[in-house]
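S.K.: Just one file: input_19.cif, with mmCIF, C-alpha atoms.
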```
data_run
#
loop_
_atom_site.group_PDB
_atom_site.id
_atom_site.type_symbol
_atom_site.label_atom_id
_atom_site.label_comp_id
_atom_site.auth_asym_id
_atom_site.auth_seq_id
_atom_site.Cartn_x
_atom_site.Cartn_y
_atom_site.Cartn_z
ATOM 1 C CA MET B 1 -22.551 -1.537 9.523
ATOM 2 C CA ASP B 2 -21.762 1.865 8.033
ATOM 3 C CA VAL B 3 -19.322 2.397 5.172
ATOM 4 C CA LEU B 4 -16.534 3.777 7.355
ATOM 5 C CA SER B 5 -16.695 0.774 9.669
ATOM 6 C CA ALA B 6 -16.630 -1.647 6.737
ATOM 7 C CA ILE B 7 -13.611 0.075 5.224
ATOM 8 C CA GLN B 8 -11.881 0.048 8.615
ATOM 9 C CA VAL B 9 -12.514 -3.699 8.887
ATOM 10 C CA VAL B 10 -10.923 -4.258 5.483
ATOM 11 C CA GLY B 11 -8.095 -1.844 6.311
ATOM 12 C CA ALA B 12 -7.354 -3.737 9.513
ATOM 13 C CA GLY B 13 -7.222 -6.942 7.505
ATOM 14 C CA VAL B 14 -4.791 -5.363 5.036
ATOM 15 C CA ASP B 15 -2.615 -4.220 7.939
ATOM 16 C CA VAL B 16 -2.602 -7.713 9.424
ATOM 17 C CA LEU B 17 -1.719 -9.198 6.040
ATOM 18 C CA SER B 18 1.153 -6.780 5.527
ATOM 19 C CA LYS B 19 2.606 -7.779 8.895
ATOM 20 C CA LEU B 20 2.030 -11.513 8.600
ATOM 21 C CA MET B 21 2.831 -12.011 4.951
ATOM 22 C CA PRO B 22 5.316 -9.443 3.648
ATOM 23 C CA ASN B 23 5.928 -10.077 -0.036
ATOM 24 C CA ARG B 24 9.707 -9.934 -0.021
ATOM 25 C CA GLY B 25 11.194 -9.406 -3.435
ATOM 26 C CA ASN B 26 7.743 -9.065 -5.061
ATOM 27 C CA ARG B 27 7.518 -12.842 -5.331
ATOM 28 C CA PRO B 28 4.110 -14.305 -6.228
ATOM 29 C CA GLN B 29 1.631 -14.391 -3.367
ATOM 30 C CA SER B 30 0.867 -17.622 -1.626
ATOM 31 C CA GLU B 31 -2.505 -19.199 -2.300
ATOM 32 C CA PHE B 32 -3.419 -18.603 1.357
ATOM 33 C CA SER B 33 -2.680 -14.888 1.044
ATOM 34 C CA GLN B 34 -4.728 -14.633 -2.154
ATOM 35 C CA VAL B 35 -7.714 -16.350 -0.523
ATOM 36 C CA LEU B 36 -7.571 -13.987 2.464
ATOM 37 C CA GLU B 37 -7.516 -10.927 0.233
ATOM 38 C CA GLN B 38 -10.339 -12.246 -1.935
ATOM 39 C CA SER B 39 -12.329 -12.893 1.217
ATOM 40 C CA MET B 40 -11.826 -9.290 2.334
ATOM 41 C CA GLY B 41 -12.973 -7.984 -1.051
ATOM 42 C CA GLN B 42 -16.004 -10.255 -0.896
ATOM 43 C CA GLN B 43 -16.866 -9.070 2.623
ATOM 44 C CA LEU B 44 -16.576 -5.444 1.593
ATOM 45 C CA MET B 45 -18.820 -6.095 -1.409
ATOM 46 C CA GLN B 46 -21.430 -7.831 0.771
ATOM 47 C CA ARG B 47 -21.484 -4.982 3.290
ATOM 48 C CA LEU B 48 -21.569 -2.072 0.858
ATOM 49 C CA ASP B 49 -23.412 -3.322 -2.252
ATOM 50 C CA LEU B 50 -26.756 -1.796 -1.292
ATOM 51 C CA ASP B 51 -28.515 -2.586 -4.576
ATOM 52 C CA SER B 52 -27.094 -6.140 -4.856
ATOM 53 C CA SER B 53 -25.693 -5.359 -8.311
ATOM 54 C CA GLY B 54 -22.402 -7.143 -7.692
ATOM 55 C CA THR B 55 -20.518 -3.861 -8.062
ATOM 56 C CA LEU B 56 -20.004 -0.779 -5.914
ATOM 57 C CA THR B 57 -20.739 2.772 -6.998
ATOM 58 C CA LEU B 58 -19.145 5.917 -5.621
ATOM 59 C CA ASN B 59 -22.355 6.549 -3.644
ATOM 60 C CA GLU B 60 -22.242 3.104 -2.057
ATOM 61 C CA THR B 61 -18.598 3.402 -1.027
ATOM 62 C CA LYS B 62 -18.718 7.034 0.175
ATOM 63 C CA MET B 63 -14.988 7.227 -0.599
ATOM 64 C CA SER B 64 -13.329 10.193 -2.254
ATOM 65 C CA GLU B 65 -13.798 10.406 -5.995
ATOM 66 C CA LYS B 66 -10.018 10.426 -6.484
ATOM 67 C CA VAL B 67 -9.544 7.125 -4.624
ATOM 68 C CA PHE B 68 -12.570 5.615 -6.373
ATOM 69 C CA ARG B 69 -11.158 6.519 -9.809
ATOM 70 C CA GLN B 70 -7.808 4.969 -8.893
ATOM 71 C CA LEU B 71 -9.504 1.687 -7.988
ATOM 72 C CA ASP B 72 -11.860 1.729 -10.997
ATOM 73 C CA ALA B 73 -9.421 0.127 -13.456
ATOM 74 C CA ASN B 74 -11.829 0.019 -16.409
ATOM 75 C CA ALA B 75 -13.300 3.487 -15.677
ATOM 76 C CA ASP B 76 -16.891 2.234 -15.818
ATOM 77 C CA GLY B 77 -17.947 4.071 -12.652
ATOM 78 C CA GLN B 78 -18.333 0.826 -10.706
ATOM 79 C CA LEU B 79 -15.950 -1.235 -8.603
ATOM 80 C CA SER B 80 -15.999 -4.958 -9.199
ATOM 81 C CA GLU B 81 -14.780 -7.456 -6.637
ATOM 82 C CA VAL B 82 -11.669 -7.968 -8.792
ATOM 83 C CA GLU B 83 -10.920 -4.227 -8.712
ATOM 84 C CA ILE B 84 -11.402 -4.195 -4.937
ATOM 85 C CA ASN B 85 -9.087 -7.186 -4.486
ATOM 86 C CA THR B 86 -6.486 -5.553 -6.728
ATOM 87 C CA GLY B 87 -6.727 -2.404 -4.591
ATOM 88 C CA ILE B 88 -6.311 -4.418 -1.389
ATOM 89 C CA GLU B 89 -3.215 -6.128 -2.824
ATOM 90 C CA SER B 90 -1.804 -2.748 -3.814
ATOM 91 C CA MET B 91 -2.398 -1.376 -0.295
ATOM 92 C CA ARG B 92 -0.752 -4.447 1.200
ATOM 93 C CA ARG B 93 2.314 -4.036 -0.989
ATOM 94 C CA GLU B 94 2.515 -0.325 -0.202
ATOM 95 C CA ALA B 95 2.191 -0.938 3.547
ATOM 96 C CA GLY B 96 4.889 -3.601 3.357
ATOM 97 C CA LEU B 97 7.224 -1.306 1.434
ATOM 98 C CA HIS B 98 6.779 1.519 3.961
ATOM 99 C CA GLN B 99 7.370 -0.922 6.805
ATOM 100 C CA LYS B 100 10.573 -2.213 5.191
ATOM 101 C CA MET B 101 11.888 1.302 4.593
ATOM 102 C CA ASN B 102 11.093 2.323 8.181
ATOM 103 C CA LEU B 103 13.037 -0.699 9.437
ATOM 104 C CA TRP B 104 15.939 0.104 7.105
ATOM 105 C CA LEU B 105 15.984 3.698 8.345
ATOM 106 C CA GLU B 106 15.927 2.609 11.992
ATOM 107 C CA ALA B 107 18.907 0.337 11.349
ATOM 108 C CA HIS B 108 20.964 3.040 9.585
ATOM 109 C CA ASP B 109 19.963 6.206 11.474
ATOM 110 C CA ALA B 110 22.908 6.500 13.875
ATOM 111 C CA ASN B 111 21.799 9.779 15.480
ATOM 112 C CA HIS B 112 18.095 8.786 15.656
ATOM 113 C CA ASP B 113 16.793 11.897 13.889
ATOM 114 C CA GLY B 114 14.529 9.917 11.556
ATOM 115 C CA LEU B 115 16.774 10.649 8.570
ATOM 116 C CA ALA B 116 19.800 8.976 7.003
ATOM 117 C CA THR B 117 22.809 10.923 5.788
ATOM 118 C CA GLN B 118 24.976 9.551 3.001
ATOM 119 C CA ARG B 119 27.506 8.380 5.581
ATOM 120 C CA GLU B 120 24.820 6.708 7.743
ATOM 121 C CA SER B 121 23.233 5.025 4.735
ATOM 122 C CA GLY B 122 26.415 3.543 3.326
ATOM 123 C CA LEU B 123 24.973 4.113 -0.151
ATOM 124 C CA ASP B 124 27.079 5.102 -3.123
ATOM 125 C CA THR B 125 27.109 8.923 -3.445
ATOM 126 C CA ARG B 126 25.448 8.848 -6.893
ATOM 127 C CA VAL B 127 22.666 6.568 -5.671
ATOM 128 C CA PHE B 128 22.182 8.660 -2.534
ATOM 129 C CA ASP B 129 22.043 11.941 -4.485
ATOM 130 C CA ARG B 130 19.444 10.542 -6.907
ATOM 131 C CA GLY B 131 17.286 9.533 -3.955
ATOM 132 C CA ASP B 132 17.678 12.821 -2.079
ATOM 133 C CA ARG B 133 14.839 14.598 -3.889
ATOM 134 C CA ASN B 134 14.822 17.746 -1.763
ATOM 135 C CA GLY B 135 18.616 18.075 -1.755
ATOM 136 C CA ASP B 136 18.924 18.361 2.024
ATOM 137 C CA GLY B 137 21.675 15.745 2.241
ATOM 138 C CA LYS B 138 19.418 13.311 4.100
ATOM 139 C CA LEU B 139 16.986 10.559 3.127
ATOM 140 C CA ASP B 140 13.577 10.351 4.758
ATOM 141 C CA VAL B 141 11.123 7.461 4.539
ATOM 142 C CA ARG B 142 9.279 8.967 1.551
ATOM 143 C CA GLU B 143 12.522 9.283 -0.393
ATOM 144 C CA LEU B 144 13.523 5.728 0.532
ATOM 145 C CA VAL B 145 10.140 4.386 -0.614
ATOM 146 C CA ARG B 146 10.483 6.266 -3.898
ATOM 147 C CA MET B 147 14.007 4.900 -4.395
ATOM 148 C CA SER B 148 12.784 1.396 -3.693
ATOM 149 C CA ARG B 149 9.912 1.733 -6.181
ATOM 150 C CA LEU B 150 12.258 2.982 -8.897
ATOM 151 C CA ASN B 151 14.608 0.100 -8.205
ATOM 152 C CA LEU B 152 11.753 -2.408 -8.591
ATOM 153 C CA GLU B 153 10.673 -1.033 -11.974
#
```
Let's see the structure in the file written out as structure tokens.

M.R.:
Amino acid sequence: MDVLSAIQVVGAGVDVLSKLMPNRGNRPQSEFSQVLEQSMGQQLMQRLDLDSSGTLTLNETKMSEKVFRQLDANADGQLSEVEINTGIESMRREAGLHQKMNLWLEAHDANHDGLATQRESGLDTRVFDRGDRNGDGKLDVRELVRMSRLNLE
């Protein structure tokens, strides 16, 4: 199996996880969810670890250097299974957040233009204005995701 196919397999698993097990309210993951994600990281390691070192190099993954550096938490130039699992969890959370914001937008977008005005959103004007990064008087999904992230921090 080539690298792209292996990554697609893991990506499909992340997508399934985000749909089946949304982590509402950032509560701790269930043991079942953790096992599934660890299994995906283990499968990716088995398929891509060409030299059987127990870690993946940039060459083995064939991913962009930018993405690789983001996953490489200890900056040692190698991805461990733990770093891969952490990356999968991060992707799952991000996919779930985007999905939630898309659903919120669908529920509030009265004119179905893919955007929410202050009136459509029902948000306080100050909150809305802080979220409206481009100042167009409307919130898009990216702005909603950003607002949600800031609210979680």

S.K.: Starting from the displayed file, determine the output of the PyMOL selection byres ((chain B and resi 58) around 12) and express the residue list as number ranges by chain.

M.R.: B: 3, 48-50, 55-57, 59-72, 75-80

S.K.: Based on the selection just made, write C-alpha atoms of those residues as a tab-separated table (two decimals), in the frame of the given file.

M.R.:
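Written output follows (part_21.tsv):
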```
chain	number	residue	atom	x	y	z
B	3	VAL	CA	-19.32	2.40	5.17
B	48	LEU	CA	-21.57	-2.07	0.86
B	49	ASP	CA	-23.41	-3.32	-2.25
B	50	LEU	CA	-26.76	-1.80	-1.29
B	55	THR	CA	-20.52	-3.86	-8.06
B	56	LEU	CA	-20.00	-0.78	-5.91
B	57	THR	CA	-20.74	2.77	-7.00
B	59	ASN	CA	-22.36	6.55	-3.64
B	60	GLU	CA	-22.24	3.10	-2.06
B	61	THR	CA	-18.60	3.40	-1.03
B	62	LYS	CA	-18.72	7.03	0.18
B	63	MET	CA	-14.99	7.23	-0.60
B	64	SER	CA	-13.33	10.19	-2.25
B	65	GLU	CA	-13.80	10.41	-6.00
B	66	LYS	CA	-10.02	10.43	-6.48
B	67	VAL	CA	-9.54	7.12	-4.62
B	68	PHE	CA	-12.57	5.62	-6.37
B	69	ARG	CA	-11.16	6.52	-9.81
B	70	GLN	CA	-7.81	4.97	-8.89
B	71	LEU	CA	-9.50	1.69	-7.99
B	72	ASP	CA	-11.86	1.73	-11.00
B	75	ALA	CA	-13.30	3.49	-15.68
B	76	ASP	CA	-16.89	2.23	-15.82
B	77	GLY	CA	-17.95	4.07	-12.65
B	78	GLN	CA	-18.33	0.83	-10.71
B	79	LEU	CA	-15.95	-1.24	-8.60
B	80	SER	CA	-16.00	-4.96	-9.20
```

S.K.: From the options B:Ala116, B:Ile84, B:Glu94, B:Asn134, which residue's atoms come nearest to Ser39 of chain B, counting all atoms listed in the file?

M.R.: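 Closest to Ser39 of chain B, using all atoms listed in the file: B:Ile84.
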
S.K.: How would you write, as a list in words, the residues chosen by the PyMOL selection byres ((chain B and resi 122) around 12) on this structure?

M.R.: Trp104, Leu105, Ala107, His108, Asp109, Ala110, Ala116, Thr117, Gln118, Arg119, Glu120, Ser121, Leu123, Asp124, Thr125, Arg126, Val127, Phe128 and Leu139 of chain B

S.K.: Any idea what the distance is between atom CA of Met91 of chain B and atom CA of Gly54 of chain B?

M.R.: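 Interatomic distance, atom CA of Met91 of chain B to atom CA of Gly54 of chain B: 22.1 Å.
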
S.K.: At most 10 Å from (15.0, 10.3, 5.3), file frame, all atoms listed in the file: which residues, as a PyMOL selection string?

M.R.: chain B and resi 101-102+105+109+113-117+121+131-132+136-145

S.K.: Now that the selection is made, can you save its residues with C-alpha atoms as a PDB file, in the coordinates of the input?

M.R.:
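Final output, saved to part.pdb:
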```pdb
ATOM      1  CA  MET B 101      11.888   1.302   4.593  1.00  0.00           C
ATOM      2  CA  ASN B 102      11.093   2.323   8.181  1.00  0.00           C
ATOM      3  CA  LEU B 105      15.984   3.698   8.345  1.00  0.00           C
ATOM      4  CA  ASP B 109      19.963   6.206  11.474  1.00  0.00           C
ATOM      5  CA  ASP B 113      16.793  11.897  13.889  1.00  0.00           C
ATOM      6  CA  GLY B 114      14.529   9.917  11.556  1.00  0.00           C
ATOM      7  CA  LEU B 115      16.774  10.649   8.570  1.00  0.00           C
ATOM      8  CA  ALA B 116      19.800   8.976   7.003  1.00  0.00           C
ATOM      9  CA  THR B 117      22.809  10.923   5.788  1.00  0.00           C
ATOM     10  CA  SER B 121      23.233   5.025   4.735  1.00  0.00           C
ATOM     11  CA  GLY B 131      17.286   9.533  -3.955  1.00  0.00           C
ATOM     12  CA  ASP B 132      17.678  12.821  -2.079  1.00  0.00           C
ATOM     13  CA  ASP B 136      18.924  18.361   2.024  1.00  0.00           C
ATOM     14  CA  GLY B 137      21.675  15.745   2.241  1.00  0.00           C
ATOM     15  CA  LYS B 138      19.418  13.311   4.100  1.00  0.00           C
ATOM     16  CA  LEU B 139      16.986  10.559   3.127  1.00  0.00           C
ATOM     17  CA  ASP B 140      13.577  10.351   4.758  1.00  0.00           C
ATOM     18  CA  VAL B 141      11.123   7.461   4.539  1.00  0.00           C
ATOM     19  CA  ARG B 142       9.279   8.967   1.551  1.00  0.00           C
ATOM     20  CA  GLU B 143      12.522   9.283  -0.393  1.00  0.00           C
ATOM     21  CA  LEU B 144      13.523   5.728   0.532  1.00  0.00           C
ATOM     22  CA  VAL B 145      10.140   4.386  -0.614  1.00  0.00           C
TER      23      VAL B 145
END
```

S.K.: Suppose you want the space between atom CA of Arg149 of chain B and atom CA of His112 of chain B; what is it in Å?

M.R.: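 Calculated distance between atom CA of Arg149 of chain B and atom CA of His112 of chain B is 24.4 Å.
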
S.K.: Report, in Å to a single decimal, how far apart atom CA of Val82 of chain B and atom CA of Asp51 of chain B are.

M.R.: 18.2 Å

S.K.: Give the answer as one residue: which of B:Ser53, B:Ser148, B:Asn74, B:Gln42 has the shortest atom-to-atom distance to Ile88 of chain B, using all atoms listed in the file?

M.R.: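 Closest candidate: B:Gln42.
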
S.K.: Output, as JSON, the centre and edge lengths in Å (one decimal) of the axis-aligned box that contains all listed atoms of segment 82-100 of chain B with 4 Å of margin on each side.

M.R.:
```
{"center_x": -0.5, "center_y": -3.2, "center_z": -1.0, "size_x": 30.2, "size_y": 17.5, "size_z": 23.6}
```

S.K.: Compile the contact shell of Gly41 of chain B as number ranges by chain: residues with an atom at most 6 Å away, counting only C-alpha atoms, same-chain residues fewer than 2 positions apart removed.

M.R.: B: 38-39, 43-44, 81, 84-85
